[in-house]
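Visitor: This is work30.csv, which holds CSV, N, CA and C atoms and all ligand atoms:
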chain,number,residue,atom,x,y,z
J,1,MET,N,71.7,223.4,230.2
J,1,MET,CA,71.0,222.8,229.1
J,1,MET,C,71.4,223.5,227.8
J,2,LYS,N,71.7,222.7,226.7
J,2,LYS,CA,72.1,223.2,225.4
J,2,LYS,C,70.9,223.8,224.7
J,3,MET,N,71.1,225.0,224.1
J,3,MET,CA,70.0,225.7,223.4
J,3,MET,C,70.0,225.2,221.9
J,4,LEU,N,68.8,225.0,221.4
J,4,LEU,CA,68.7,224.6,220.0
J,4,LEU,C,69.0,225.9,219.1
J,5,THR,N,69.9,225.8,218.2
J,5,THR,CA,70.1,226.9,217.3
J,5,THR,C,69.8,226.6,215.8
J,6,ALA,N,69.8,225.3,215.5
J,6,ALA,CA,69.6,224.9,214.1
J,6,ALA,C,68.1,225.2,213.7
J,7,LYS,N,67.9,225.7,212.5
J,7,LYS,CA,66.6,226.0,212.0
J,7,LYS,C,66.0,224.9,211.2
J,8,LYS,N,66.8,224.1,210.6
J,8,LYS,CA,66.3,223.1,209.7
J,8,LYS,C,65.9,221.8,210.5
J,9,ILE,N,64.7,221.3,210.1
J,9,ILE,CA,64.2,220.1,210.8
J,9,ILE,C,63.7,219.2,209.7
J,10,ILE,N,64.2,217.9,209.7
J,10,ILE,CA,63.9,217.0,208.7
J,10,ILE,C,62.7,216.1,209.2
J,11,LEU,N,61.7,216.0,208.4
J,11,LEU,CA,60.5,215.1,208.7
J,11,LEU,C,60.5,214.0,207.7
J,12,ILE,N,60.3,212.8,208.2
J,12,ILE,CA,60.2,211.6,207.3
J,12,ILE,C,58.7,211.3,207.2
J,13,GLY,N,58.2,211.4,205.9
J,13,GLY,CA,56.8,211.1,205.7
J,13,GLY,C,55.9,212.4,205.4
J,14,GLY,N,55.3,212.4,204.3
J,14,GLY,CA,54.5,213.6,203.9
J,14,GLY,C,53.0,213.3,203.9
J,15,GLY,N,52.6,212.5,204.9
J,15,GLY,CA,51.1,212.3,205.1
J,15,GLY,C,50.5,213.5,205.8
J,16,ILE,N,49.3,213.4,206.2
J,16,ILE,CA,48.7,214.5,206.9
J,16,ILE,C,49.4,215.0,208.1
J,17,GLY,N,50.0,214.0,208.8
J,17,GLY,CA,50.7,214.3,210.1
J,17,GLY,C,52.0,215.0,209.8
J,18,GLY,N,52.8,214.5,208.8
J,18,GLY,CA,54.1,215.2,208.4
J,18,GLY,C,53.9,216.5,207.8
J,19,THR,N,52.8,216.6,207.0
J,19,THR,CA,52.6,217.9,206.3
J,19,THR,C,52.1,219.0,207.3
J,20,ALA,N,51.2,218.6,208.2
J,20,ALA,CA,50.7,219.6,209.2
J,20,ALA,C,51.8,220.0,210.1
J,21,THR,N,52.7,219.0,210.5
J,21,THR,CA,53.8,219.4,211.4
J,21,THR,C,54.8,220.3,210.6
J,22,ALA,N,55.0,220.0,209.4
J,22,ALA,CA,55.9,220.9,208.6
J,22,ALA,C,55.3,222.3,208.5
J,23,LEU,N,54.0,222.4,208.3
J,23,LEU,CA,53.4,223.8,208.2
J,23,LEU,C,53.5,224.5,209.5
J,24,ALA,N,53.3,223.8,210.6
J,24,ALA,CA,53.3,224.4,212.0
J,24,ALA,C,54.8,224.8,212.3
J,25,LEU,N,55.7,224.0,211.9
J,25,LEU,CA,57.1,224.4,212.2
J,25,LEU,C,57.6,225.6,211.3
J,26,TYR,N,57.1,225.6,210.1
J,26,TYR,CA,57.4,226.7,209.2
J,26,TYR,C,56.8,228.0,209.8
J,27,ARG,N,55.6,228.0,210.2
J,27,ARG,CA,55.0,229.2,210.8
J,27,ARG,C,55.6,229.6,212.1
J,28,ALA,N,56.3,228.6,212.8
J,28,ALA,CA,57.1,229.0,214.0
J,28,ALA,C,58.5,229.4,213.7
J,29,GLY,N,58.8,229.5,212.4
J,29,GLY,CA,60.1,230.1,212.1
J,29,GLY,C,61.2,229.1,211.7
J,30,PHE,N,60.8,227.8,211.7
J,30,PHE,CA,61.8,226.8,211.3
J,30,PHE,C,61.8,226.5,209.8
J,31,GLU,N,62.8,225.7,209.4
J,31,GLU,CA,62.8,225.3,208.0
J,31,GLU,C,62.6,223.8,207.9
J,32,PRO,N,61.4,223.4,207.8
J,32,PRO,CA,61.1,222.0,207.7
J,32,PRO,C,61.4,221.4,206.3
J,33,ILE,N,62.0,220.3,206.3
J,33,ILE,CA,62.2,219.6,205.0
J,33,ILE,C,61.5,218.2,205.1
J,34,VAL,N,60.6,218.0,204.2
J,34,VAL,CA,59.8,216.7,204.3
J,34,VAL,C,60.3,215.7,203.2
J,35,TYR,N,60.7,214.6,203.7
J,35,TYR,CA,61.1,213.5,202.8
J,35,TYR,C,59.9,212.5,202.7
J,36,GLU,N,59.4,212.3,201.5
J,36,GLU,CA,58.3,211.4,201.2
J,36,GLU,C,58.7,210.3,200.2
J,37,ARG,N,58.5,209.1,200.6
J,37,ARG,CA,59.0,208.0,199.7
J,37,ARG,C,58.2,207.8,198.4
J,38,MET,N,56.9,208.2,198.5
J,38,MET,CA,56.0,208.0,197.4
J,38,MET,C,56.2,209.2,196.4
J,39,ALA,N,56.3,208.8,195.1
J,39,ALA,CA,56.5,209.9,194.1
J,39,ALA,C,55.2,210.7,193.9
J,40,ILE,N,54.0,210.0,194.1
J,40,ILE,CA,52.7,210.7,194.0
J,40,ILE,C,51.9,210.3,195.2
J,41,LEU,N,51.3,211.3,195.9
J,41,LEU,CA,50.4,211.1,197.0
J,41,LEU,C,49.0,211.0,196.4
J,42,SER,N,48.3,209.9,196.8
J,42,SER,CA,46.9,209.7,196.2
J,42,SER,C,46.0,209.4,197.4
J,43,GLU,N,44.7,209.4,197.1
J,43,GLU,CA,43.7,209.1,198.1
J,43,GLU,C,43.7,207.6,198.4
J,44,VAL,N,43.4,207.4,199.7
J,44,VAL,CA,43.3,206.0,200.3
J,44,VAL,C,42.0,206.0,201.1
J,45,GLY,N,41.2,205.0,200.9
J,45,GLY,CA,40.0,204.9,201.8
J,45,GLY,C,38.9,205.7,201.3
J,46,ALA,N,37.9,205.9,202.2
J,46,ALA,CA,36.7,206.6,201.8
J,46,ALA,C,36.7,208.1,201.9
J,47,GLY,N,37.8,208.6,202.6
J,47,GLY,CA,37.9,210.1,202.8
J,47,GLY,C,38.3,210.3,204.2
J,48,VAL,N,38.9,211.4,204.5
J,48,VAL,CA,39.3,211.7,205.9
J,48,VAL,C,38.2,212.4,206.6
J,49,ALA,N,37.9,211.8,207.8
J,49,ALA,CA,36.9,212.5,208.6
J,49,ALA,C,37.6,213.4,209.6
J,50,LEU,N,37.2,214.6,209.6
J,50,LEU,CA,37.9,215.6,210.5
J,50,LEU,C,36.9,216.0,211.6
J,51,TRP,N,37.3,215.8,212.9
J,51,TRP,CA,36.5,216.2,214.0
J,51,TRP,C,37.0,217.6,214.5
J,52,PRO,N,36.3,218.2,215.4
J,52,PRO,CA,36.6,219.6,215.8
J,52,PRO,C,38.1,219.8,216.3
J,53,ASN,N,38.7,218.8,216.9
J,53,ASN,CA,40.1,219.0,217.4
J,53,ASN,C,41.0,219.2,216.1
J,54,ALA,N,40.7,218.4,215.1
J,54,ALA,CA,41.5,218.6,213.8
J,54,ALA,C,41.2,219.9,213.1
J,55,THR,N,39.9,220.3,213.1
J,55,THR,CA,39.6,221.6,212.4
J,55,THR,C,40.1,222.8,213.2
J,56,HIS,N,40.2,222.7,214.5
J,56,HIS,CA,40.8,223.8,215.3
J,56,HIS,C,42.3,223.9,214.8
J,57,VAL,N,43.0,222.8,214.7
J,57,VAL,CA,44.4,222.8,214.3
J,57,VAL,C,44.5,223.4,212.9
J,58,LEU,N,43.7,223.0,212.0
J,58,LEU,CA,43.7,223.5,210.6
J,58,LEU,C,43.4,225.0,210.5
J,59,LYS,N,42.5,225.4,211.4
J,59,LYS,CA,42.3,226.9,211.5
J,59,LYS,C,43.5,227.6,212.0
J,60,GLU,N,44.2,227.1,213.0
J,60,GLU,CA,45.4,227.7,213.5
J,60,GLU,C,46.5,227.8,212.4
J,61,LEU,N,46.5,226.7,211.6
J,61,LEU,CA,47.5,226.7,210.5
J,61,LEU,C,47.1,227.5,209.3
J,62,GLY,N,45.9,228.1,209.3
J,62,GLY,CA,45.5,229.0,208.2
J,62,GLY,C,45.0,228.3,207.0
J,63,VAL,N,44.6,227.0,207.1
J,63,VAL,CA,44.2,226.2,205.9
J,63,VAL,C,42.8,225.7,206.0
J,64,LEU,N,42.0,226.1,207.1
J,64,LEU,CA,40.7,225.5,207.2
J,64,LEU,C,39.7,225.9,206.1
J,65,ASP,N,39.7,227.2,205.7
J,65,ASP,CA,38.8,227.6,204.7
J,65,ASP,C,39.0,226.8,203.4
J,66,GLU,N,40.3,226.6,203.1
J,66,GLU,CA,40.6,225.8,201.8
J,66,GLU,C,40.1,224.4,202.0
J,67,VAL,N,40.3,223.8,203.1
J,67,VAL,CA,39.8,222.4,203.4
J,67,VAL,C,38.3,222.4,203.3
J,68,LEU,N,37.6,223.3,203.8
J,68,LEU,CA,36.2,223.3,203.8
J,68,LEU,C,35.6,223.5,202.4
J,69,ARG,N,36.4,224.3,201.6
J,69,ARG,CA,35.9,224.4,200.2
J,69,ARG,C,36.0,223.1,199.4
J,70,GLU,N,37.0,222.3,199.8
J,70,GLU,CA,37.2,221.0,199.1
J,70,GLU,C,36.5,219.8,199.7
J,71,SER,N,35.6,220.1,200.7
J,71,SER,CA,35.0,219.0,201.5
J,71,SER,C,33.5,219.1,201.7
J,72,ASP,N,32.9,218.1,202.2
J,72,ASP,CA,31.5,218.2,202.5
J,72,ASP,C,31.2,217.9,203.9
J,73,PRO,N,30.4,218.7,204.6
J,73,PRO,CA,30.0,218.4,206.0
J,73,PRO,C,29.2,217.2,206.1
J,74,ILE,N,29.3,216.5,207.2
J,74,ILE,CA,28.5,215.3,207.6
J,74,ILE,C,27.4,215.9,208.6
J,75,THR,N,26.2,215.7,208.3
J,75,THR,CA,25.2,216.2,209.2
J,75,THR,C,24.2,215.1,209.5
J,76,ASN,N,23.6,215.2,210.7
J,76,ASN,CA,22.6,214.2,211.1
J,76,ASN,C,21.5,214.9,211.9
J,77,TYR,N,20.5,215.3,211.1
J,77,TYR,CA,19.4,216.1,211.7
J,77,TYR,C,18.3,215.1,212.2
G,101,LIG,C1,43.7,201.5,203.7
G,101,LIG,C2,43.4,202.6,204.6
G,101,LIG,C3,42.2,203.3,204.5
G,101,LIG,C4,42.0,204.4,205.4
G,101,LIG,N1,40.8,205.1,205.2
G,101,LIG,C5,40.5,206.1,206.0
G,101,LIG,C6,39.3,206.9,205.8
G,101,LIG,O1,38.5,206.5,205.0
G,101,LIG,N2,39.1,207.9,206.6
G,101,LIG,C7,40.0,208.4,207.6
G,101,LIG,O2,39.7,209.4,208.2
G,101,LIG,N3,41.1,207.7,207.7
G,101,LIG,C8,41.4,206.6,207.0
G,101,LIG,N4,42.6,205.9,207.1
G,101,LIG,C9,43.5,206.4,208.2
G,101,LIG,C10,44.3,207.6,207.7
G,101,LIG,O3,44.8,207.2,206.4
G,101,LIG,C11,45.4,207.8,208.7
G,101,LIG,O4,44.9,208.0,210.0
G,101,LIG,C12,46.2,209.0,208.4
G,101,LIG,O5,46.6,209.0,207.0
G,101,LIG,C13,47.5,209.0,209.2
G,101,LIG,O6,48.3,210.1,208.8
G,101,LIG,P1,49.8,210.1,209.0
G,101,LIG,O7,50.4,211.3,208.4
G,101,LIG,O8,50.1,209.8,210.5
G,101,LIG,O9,50.4,208.8,208.3
G,101,LIG,P2,50.3,208.4,206.7
G,101,LIG,O10,49.1,209.0,206.0
G,101,LIG,O11,50.4,206.9,206.7
G,101,LIG,O12,51.6,209.1,206.1
G,101,LIG,C14,52.9,208.6,206.4
G,101,LIG,C15,53.7,208.9,205.1
G,101,LIG,O13,55.1,208.6,205.4
G,101,LIG,C16,55.6,208.0,204.2
G,101,LIG,N5,56.8,207.2,204.7
G,101,LIG,C17,56.8,206.2,205.5
G,101,LIG,N6,58.0,205.7,205.7
G,101,LIG,C18,58.8,206.5,205.0
G,101,LIG,C19,60.2,206.6,204.8
G,101,LIG,N7,61.1,205.7,205.4
G,101,LIG,N8,60.8,207.5,204.0
G,101,LIG,C20,59.9,208.5,203.4
G,101,LIG,N9,58.6,208.5,203.5
G,101,LIG,C21,58.0,207.5,204.3
G,101,LIG,C22,54.5,207.2,203.6
G,101,LIG,O14,54.7,207.0,202.3
G,101,LIG,C23,53.3,208.1,203.9
G,101,LIG,O15,53.0,209.0,202.8
G,101,LIG,C24,42.9,204.8,206.3
G,101,LIG,C25,44.1,204.1,206.4
G,101,LIG,C26,44.4,203.1,205.6
G,101,LIG,C27,45.7,202.3,205.7
Could you write out this structure as structure tokens?
Guide:
Amino acid sequence: MKMLTAKKIILIGGGIGGTATALALYRAGFEPIVYERMAILSEVGAGVALWPNATHVLKELGVLDEVLRESDPITNY
């Protein structure tokens, strides 16, 4: 089997999926390069709902505290 030696990885699309993948790859020692076709990223829809599986990933990526500062929890007592 041929070993991977290249460090650069190109990602097409800078949405939440591409951005999170780029961050994970960077933290794993790779050099991700994100190509995004839109000049400006803006909000679409009512807001992103994050469930525990997503918040676990954000915590692993080291950005959960920042996301929580910018968001509001949904509660149902
Ligand atoms: C109208 C609408 C409303 C929504 N509202 C909500 C909501 O209220 N709450 C919620 O939780 N989810 C909502 N969603 C779903 C949510 O937006 C998606 O689940 C989420 O954005 C998917 O993330 P992603 O990174 O996979 O894809 P995307 O966010 O779609 O990101 C893909 C990116 O790739 C870029 N791209 C595509 N092709 C190319 C190319 N050839 N070259 C360069 N760049 C490229 C696009 O410009 C885009 O920025 C909504 C979706 C839509 C369409």
Visitor: Please identify every residue of chain J that has at least one atom no farther than 8 Å from an atom of ligand LIG 101 (chain G), counting all atoms listed in the file, and for each give the shortest atom pair and the distance in Å to one decimal, arranged by chain then increasing number, as JSON lines.
Guide:
{"residue": "J:Leu11", "atom": "C", "partner": "G:LIG101", "partner_atom": "C20", "distance": 7.0}
{"residue": "J:Ile12", "atom": "C", "partner": "G:LIG101", "partner_atom": "N9", "distance": 4.6}
{"residue": "J:Gly13", "atom": "CA", "partner": "G:LIG101", "partner_atom": "O13", "distance": 3.0}
{"residue": "J:Gly14", "atom": "N", "partner": "G:LIG101", "partner_atom": "C15", "distance": 3.9}
{"residue": "J:Gly15", "atom": "CA", "partner": "G:LIG101", "partner_atom": "O12", "distance": 3.4}
{"residue": "J:Ile16", "atom": "N", "partner": "G:LIG101", "partner_atom": "O7", "distance": 3.2}
{"residue": "J:Gly17", "atom": "N", "partner": "G:LIG101", "partner_atom": "O7", "distance": 2.8}
{"residue": "J:Gly18", "atom": "N", "partner": "G:LIG101", "partner_atom": "O7", "distance": 4.0}
{"residue": "J:Thr19", "atom": "N", "partner": "G:LIG101", "partner_atom": "O7", "distance": 6.0}
{"residue": "J:Ala20", "atom": "N", "partner": "G:LIG101", "partner_atom": "O7", "distance": 7.3}
{"residue": "J:Val34", "atom": "C", "partner": "G:LIG101", "partner_atom": "C20", "distance": 7.2}
{"residue": "J:Tyr35", "atom": "C", "partner": "G:LIG101", "partner_atom": "C20", "distance": 4.1}
{"residue": "J:Glu36", "atom": "CA", "partner": "G:LIG101", "partner_atom": "N9", "distance": 3.7}
{"residue": "J:Arg37", "atom": "N", "partner": "G:LIG101", "partner_atom": "N9", "distance": 3.0}
{"residue": "J:Met38", "atom": "N", "partner": "G:LIG101", "partner_atom": "O14", "distance": 4.6}
{"residue": "J:Ala39", "atom": "N", "partner": "G:LIG101", "partner_atom": "O14", "distance": 7.6}
{"residue": "J:Ile40", "atom": "C", "partner": "G:LIG101", "partner_atom": "O15", "distance": 7.8}
{"residue": "J:Leu41", "atom": "CA", "partner": "G:LIG101", "partner_atom": "O15", "distance": 6.7}
{"residue": "J:Ser42", "atom": "N", "partner": "G:LIG101", "partner_atom": "O15", "distance": 7.7}
{"residue": "J:Glu43", "atom": "C", "partner": "G:LIG101", "partner_atom": "C3", "distance": 7.6}
{"residue": "J:Val44", "atom": "C", "partner": "G:LIG101", "partner_atom": "C3", "distance": 4.3}
{"residue": "J:Gly45", "atom": "CA", "partner": "G:LIG101", "partner_atom": "N1", "distance": 3.5}
{"residue": "J:Ala46", "atom": "N", "partner": "G:LIG101", "partner_atom": "O1", "distance": 2.9}
{"residue": "J:Gly47", "atom": "N", "partner": "G:LIG101", "partner_atom": "O1", "distance": 3.3}
{"residue": "J:Val48", "atom": "CA", "partner": "G:LIG101", "partner_atom": "O2", "distance": 3.3}
{"residue": "J:Ala49", "atom": "N", "partner": "G:LIG101", "partner_atom": "O2", "distance": 3.0}
{"residue": "J:Leu50", "atom": "N", "partner": "G:LIG101", "partner_atom": "O2", "distance": 5.9}
Visitor: Going by DSSP on the backbone, which bits of chain J are strand (DSSP E or B)? Write them as a list in words, please.
Guide: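 Output for chain J, strand (DSSP E or B) only: Lys8, Ile9, Ile10, Leu11, Ile12, Glu31, Pro32, Ile33, Val34 and Tyr35 of chain J.
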Visitor: Taking only N, CA and C atoms into account, which of J:Pro73, J:Thr55, J:Glu66, J:Lys8 comes nearest J:Ile33?
Guide: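 Selected residue with least distance to J:Ile33: J:Lys8.
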Visitor: From the DSSP assignment of the backbone, select every residue of stretch 13-57 of chain J that is helix (DSSP H, G or I), and format the answer as a list in words.
Guide: Ile16, Gly17, Gly18, Thr19, Ala20, Thr21, Ala22, Leu23, Ala24, Leu25, Tyr26, Arg27, Pro52, Asn53, Ala54, Thr55, His56 and Val57 of chain J
Visitor: Rounded to one decimal place, report the atom CA of J:His56-atom N of J:Leu68 distance in Å.
Guide: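 Separation of atom CA of J:His56 and atom N of J:Leu68: 11.9 Å.
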Visitor: What's the separation between atom CA of J:Phe30 and atom CA of J:Asp65, in Å to one decimal place?
Guide: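 Distance between the two atoms: 23.9 Å.
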Visitor: So how far away is atom C of J:Asn76 from atom CA of J:Ala54, in Å?
Guide: 20.4 Å
Visitor: Pick out the residues sitting within 10 Å of J:Glu31, and hand them over as JSON, numbers by chain; count only C-alpha atoms, and ignore anything fewer than 3 positions along from it in its own chain.
Guide: {"J": [6, 7, 8, 9, 10, 22, 23, 25, 26, 27, 28, 34]}
Visitor: May I ask which of the residues J:Gly29, J:Trp51, J:Val57, J:Gly62 is the closest one to J:Ile74, counting only C-alpha atoms?
Guide: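 That would be J:Trp51, the residue with the smallest distance to J:Ile74.
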